[in-house]
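> To start, I am sharing the structure in question, which I have written as structure tokens.
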Amino acid sequence: MSGFVEKPEPLQVPGLVHLHTGKVRDLYRNDAGDLVMVASDRISAYDWVLPTEIPDKGRVLTRLSLWWFEQLADLAPNHVLSTELPAGAPADWAGRTLVCKSLRMVPVECVARGYLTGSGLVEYQQSRTVCGIPLPEGLSDGSELPEPIFTPATKAAVGEHDENVSFDEVVRQVGADTAEALRDTTLAVYARARDVARSRGIVLADTKFEFGFDGEVLTLADEVLTPDSSRFWPAETWEPGHAQPSYDKQYVRDWLTSSASGWERAAEVPPPVLPEAVVAATRAKYVEAYERLTGTSWQ
């Protein structure tokens, strides 16, 4: 058992049809057939969408995605049509709503890794591979890879794990031409973002993208290069051999697995409400990531 601790009821907005409530985003369709994507302040950890929200998180994700879309425009088109609030939408949606093209989505999470950590580290320790890709001996948690690798995954439902798959499995699912386009575009976008982040004192360890087709054009969708979809590490403290501090849900995960929370993950019971201090520290990390990457003040 996992998923939403308390699944929110979708807002009913005139002119919009509710399609889906995700871990973070609510998806609607407008009368023109476009998608309206609303980023909430929800946060997930260990396959649970927690009962406590992180103030401003949805706006950080939206604003940072828009900034990255601009940086990447010459490498891949994106799905954004407008940032204007749809007529009749609640004022609280301002700053966290995107009107987007309705794409034919590719059923693959496109992951690029430039550093070894997470599920990649677990596989490497067992077989010296990541998603079946051979890697040299002597790497440890946080090591930079000889070159970035494409490690796709299947998309999972809320409350379930994404599952790493091989490139051959992507070919089987979507065909060789699309698989190669996904791999090449993912690695090109990662390389650009890695260099931009590095110039701002941040290590982009890995990230995931979603793509769809606008007609025959492969197009970036969803969010891009946010603390929810990426591992960002402070460059000044990066040191292979151990887990790195990061700009994401670290405070939330650490508290949930501490004795202070009283939560037993293995028991499959819902996580508790987050303390105010954990909420404030997590919000600060999201804002800091935005400010360091973009070079602009959040306010």
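The chains in the structure tokens are called A, B, ... from first to last as shown; in each chain the residues are counted from 1, and the ligands are counted from 1 in the order shown.
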Using only C-alpha atoms, determine which residues lie at most 9 Å from Ala94 in chain A, disregarding the query and same-chain residues fewer than 5 positions distant; provide the list as an MDAnalysis selection string.
chainID A and resid 59 83:85 89
> Give me the residues within 10 Å of Ser44 in chain A as a list in words, counting only C-alpha atoms and dropping any in the same chain fewer than 6 places off.
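Non-adjacent residues within range: Gly3, Phe4, Val5, Lys23, Val24, Leu50, Pro51, Thr52, Glu53, Val158, Gly159, Asp228, Lys249, Val252 and Arg253 of chain A.
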> Let me see the file: selected residues, N, CA, C and O atoms, as a compact mmCIF listing (two decimals), in the first residue's frame.

# COMPACT_ATOMS: atom_id res chain seq x y z
N GLY A 3 0.94 5.52 -2.14
CA GLY A 3 0.20 6.44 -2.98
C GLY A 3 -0.11 7.71 -2.23
O GLY A 3 0.76 8.25 -1.54
N PHE A 4 -1.32 8.22 -2.33
CA PHE A 4 -1.72 9.43 -1.63
C PHE A 4 -2.09 9.12 -0.18
O PHE A 4 -2.88 8.20 0.06
N VAL A 5 -1.55 9.87 0.76
CA VAL A 5 -2.05 9.78 2.12
C VAL A 5 -3.46 10.35 2.16
O VAL A 5 -4.37 9.76 2.76
N LYS A 23 1.23 12.97 -8.73
CA LYS A 23 1.93 13.20 -7.47
C LYS A 23 2.02 14.69 -7.17
O LYS A 23 1.84 15.11 -6.02
N VAL A 24 2.31 15.48 -8.18
CA VAL A 24 2.49 16.92 -7.99
C VAL A 24 1.52 17.71 -8.85
O VAL A 24 1.00 18.74 -8.42
N LEU A 50 2.77 12.95 0.37
CA LEU A 50 2.65 13.26 1.80
C LEU A 50 1.45 14.18 2.09
O LEU A 50 1.00 14.92 1.21
N PRO A 51 0.99 14.17 3.32
CA PRO A 51 -0.16 15.02 3.67
C PRO A 51 0.21 16.49 3.87
O PRO A 51 -0.69 17.33 4.01
N THR A 52 1.51 16.80 3.90
CA THR A 52 1.97 18.17 4.13
C THR A 52 2.51 18.77 2.83
O THR A 52 3.28 18.12 2.13
N GLU A 53 2.09 20.00 2.53
CA GLU A 53 2.59 20.66 1.33
C GLU A 53 3.79 21.55 1.66
O GLU A 53 4.02 21.92 2.81
N VAL A 158 1.06 6.39 -9.64
CA VAL A 158 1.28 6.96 -8.32
C VAL A 158 1.34 5.84 -7.28
O VAL A 158 0.48 4.97 -7.25
N GLY A 159 2.40 5.87 -6.45
CA GLY A 159 2.55 4.86 -5.42
C GLY A 159 3.37 3.66 -5.85
O GLY A 159 3.57 2.74 -5.07
N ASP A 228 12.67 18.24 -8.43
CA ASP A 228 11.84 17.04 -8.39
C ASP A 228 12.27 16.02 -9.42
O ASP A 228 12.07 14.81 -9.22
N LYS A 249 14.48 16.68 -1.88
CA LYS A 249 13.65 16.27 -0.75
C LYS A 249 14.48 15.69 0.39
O LYS A 249 13.97 14.94 1.21
N VAL A 252 13.16 15.98 3.88
CA VAL A 252 11.96 15.18 4.07
C VAL A 252 12.32 13.71 4.26
O VAL A 252 11.86 13.04 5.19
N ARG A 253 13.16 13.19 3.36
CA ARG A 253 13.55 11.77 3.47
C ARG A 253 14.28 11.51 4.78
O ARG A 253 14.05 10.50 5.45
> Which of range 99-237 of chain A end up as strand (DSSP E) when DSSP is run on this backbone - answer as an MDAnalysis selection string?
chainID A and resid 99:100 104:105 110:115 129:130 133:134 144:150 153:154 163:164 202:214 217:221 230:234
> Let me make sure I understand: among A:Cys110, A:Ala235, A:Val165, A:Met105, which one has the smallest atom-to-atom distance to Val130 in chain A if we use only C-alpha atoms?
A:Val165
> Counting only C-alpha atoms, what is within 8 Å of range 131-133 of chain A, bar same-chain residues fewer than 4 positions away, as a PDB file with C-alpha atoms, in the first residue's frame?

ATOM      1  CA  GLY A 120      22.400   3.058 -10.650  1.00  0.00           C
ATOM      2  CA  GLU A 123      23.129  -2.125  -9.892  1.00  0.00           C
ATOM      3  CA  THR A 151      19.208   4.826 -18.701  1.00  0.00           C
ATOM      4  CA  PRO A 152      15.499   4.733 -19.535  1.00  0.00           C
ATOM      5  CA  ASN A 164      14.850   0.727 -15.173  1.00  0.00           C
ATOM      6  CA  VAL A 165      14.843  -0.923 -18.588  1.00  0.00           C
ATOM      7  CA  SER A 166      17.438  -1.557 -21.278  1.00  0.00           C
TER       8      SER A 166
END
> Neighbouring residues of Asp92 in chain A were defined as those with any atom within 12 Å, considering only C-alpha atoms; residues of the same chain fewer than 4 positions away were excluded. Please report them as a list of chain:residue names.
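The contact residues come out as A:Leu11, A:Val38, A:Ala39, A:Ser40, A:Asp41, A:Pro55, A:Asp56, A:Gly58, A:Arg59, A:Leu85, A:Pro86, A:Gly88, A:Arg96, A:Thr97.
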> Those same residues - all heavy atoms - I'd like them written as a tab-separated table (two decimals), in the first residue's frame.

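Contents of the output file result-v6.tsv:
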chain	number	residue	atom	x	y	z
A	11	LEU	N	-10.38	20.37	-8.40
A	11	LEU	CA	-11.22	21.55	-8.51
A	11	LEU	C	-12.02	21.48	-9.80
A	11	LEU	O	-11.51	21.06	-10.84
A	11	LEU	CB	-10.36	22.81	-8.50
A	11	LEU	CG	-9.67	23.16	-7.18
A	11	LEU	CD1	-8.80	24.39	-7.37
A	11	LEU	CD2	-10.69	23.39	-6.08
A	38	VAL	N	-1.27	22.13	-13.87
A	38	VAL	CA	-1.19	22.93	-12.65
A	38	VAL	C	-0.25	22.22	-11.66
A	38	VAL	O	-0.54	21.10	-11.23
A	38	VAL	CB	-2.58	23.13	-12.01
A	38	VAL	CG1	-2.48	24.08	-10.83
A	38	VAL	CG2	-3.59	23.64	-13.03
A	39	ALA	N	0.85	22.88	-11.33
A	39	ALA	CA	1.80	22.31	-10.38
A	39	ALA	C	1.38	22.67	-8.96
A	39	ALA	O	1.27	23.85	-8.61
A	39	ALA	CB	3.21	22.83	-10.66
A	40	SER	N	1.12	21.67	-8.15
A	40	SER	CA	0.71	21.89	-6.77
A	40	SER	C	1.93	22.03	-5.88
A	40	SER	O	3.08	21.95	-6.33
A	40	SER	CB	-0.16	20.72	-6.28
A	40	SER	OG	0.67	19.59	-6.04
A	41	ASP	N	1.69	22.21	-4.59
A	41	ASP	CA	2.77	22.24	-3.60
A	41	ASP	C	2.95	20.88	-2.93
A	41	ASP	O	3.67	20.76	-1.94
A	41	ASP	CB	2.49	23.31	-2.53
A	41	ASP	CG	2.59	24.72	-3.08
A	41	ASP	OD1	3.24	24.91	-4.12
A	41	ASP	OD2	2.01	25.64	-2.46
A	55	PRO	N	5.20	25.17	0.81
A	55	PRO	CA	4.77	26.44	0.22
A	55	PRO	C	5.71	26.88	-0.92
A	55	PRO	O	6.93	26.77	-0.82
A	55	PRO	CB	4.85	27.41	1.40
A	55	PRO	CG	4.67	26.56	2.61
A	55	PRO	CD	5.34	25.25	2.29
A	56	ASP	N	5.10	27.34	-2.01
A	56	ASP	CA	5.79	27.88	-3.19
A	56	ASP	C	6.43	26.80	-4.06
A	56	ASP	O	6.99	27.12	-5.12
A	56	ASP	CB	6.87	28.91	-2.82
A	56	ASP	CG	6.29	30.22	-2.32
A	56	ASP	OD1	5.25	30.64	-2.85
A	56	ASP	OD2	6.86	30.81	-1.39
A	58	GLY	N	5.20	24.52	-6.08
A	58	GLY	CA	4.65	24.46	-7.42
A	58	GLY	C	5.11	25.61	-8.30
A	58	GLY	O	5.38	25.43	-9.49
A	59	ARG	N	5.23	26.80	-7.72
A	59	ARG	CA	5.68	27.95	-8.48
A	59	ARG	C	7.18	27.85	-8.81
A	59	ARG	O	7.61	28.25	-9.89
A	59	ARG	CB	5.36	29.24	-7.72
A	59	ARG	CG	3.87	29.52	-7.65
A	59	ARG	CD	3.53	30.82	-6.91
A	59	ARG	NE	2.09	31.06	-6.97
A	59	ARG	CZ	1.22	30.56	-6.12
A	59	ARG	NH1	1.63	29.79	-5.12
A	59	ARG	NH2	-0.08	30.80	-6.25
A	85	LEU	N	-3.34	32.59	-17.10
A	85	LEU	CA	-4.30	31.85	-16.29
A	85	LEU	C	-5.59	31.66	-17.09
A	85	LEU	O	-6.14	32.62	-17.63
A	85	LEU	CB	-4.58	32.62	-15.01
A	85	LEU	CG	-5.11	31.85	-13.80
A	85	LEU	CD1	-4.12	30.77	-13.39
A	85	LEU	CD2	-5.36	32.82	-12.66
A	86	PRO	N	-6.10	30.43	-17.21
A	86	PRO	CA	-7.36	30.22	-17.94
A	86	PRO	C	-8.51	30.99	-17.28
A	86	PRO	O	-8.55	31.16	-16.06
A	86	PRO	CB	-7.57	28.71	-17.83
A	86	PRO	CG	-6.22	28.14	-17.56
A	86	PRO	CD	-5.50	29.17	-16.76
A	88	GLY	N	-11.66	31.87	-15.44
A	88	GLY	CA	-12.41	31.14	-14.43
A	88	GLY	C	-11.57	30.34	-13.47
A	88	GLY	O	-12.09	29.79	-12.49
A	96	ARG	N	1.75	28.95	-11.42
A	96	ARG	CA	2.04	27.52	-11.42
A	96	ARG	C	1.19	26.75	-12.43
A	96	ARG	O	1.03	25.54	-12.34
A	96	ARG	CB	1.84	26.94	-10.01
A	96	ARG	CG	0.51	27.19	-9.36
A	96	ARG	CD	0.55	26.82	-7.87
A	96	ARG	NE	-0.73	26.99	-7.20
A	96	ARG	CZ	-1.62	26.02	-7.01
A	96	ARG	NH1	-1.36	24.81	-7.47
A	96	ARG	NH2	-2.73	26.25	-6.37
A	97	THR	N	0.71	27.50	-13.43
A	97	THR	CA	-0.15	26.90	-14.45
A	97	THR	C	0.44	27.13	-15.84
A	97	THR	O	0.86	28.24	-16.17
A	97	THR	CB	-1.56	27.52	-14.39
A	97	THR	OG1	-2.11	27.30	-13.09
A	97	THR	CG2	-2.47	26.92	-15.44
> Which is closest to Pro148 in chain A among A:Leu121, A:Val171, A:Leu64, A:Leu187, if we use only C-alpha atoms?
A:Leu187
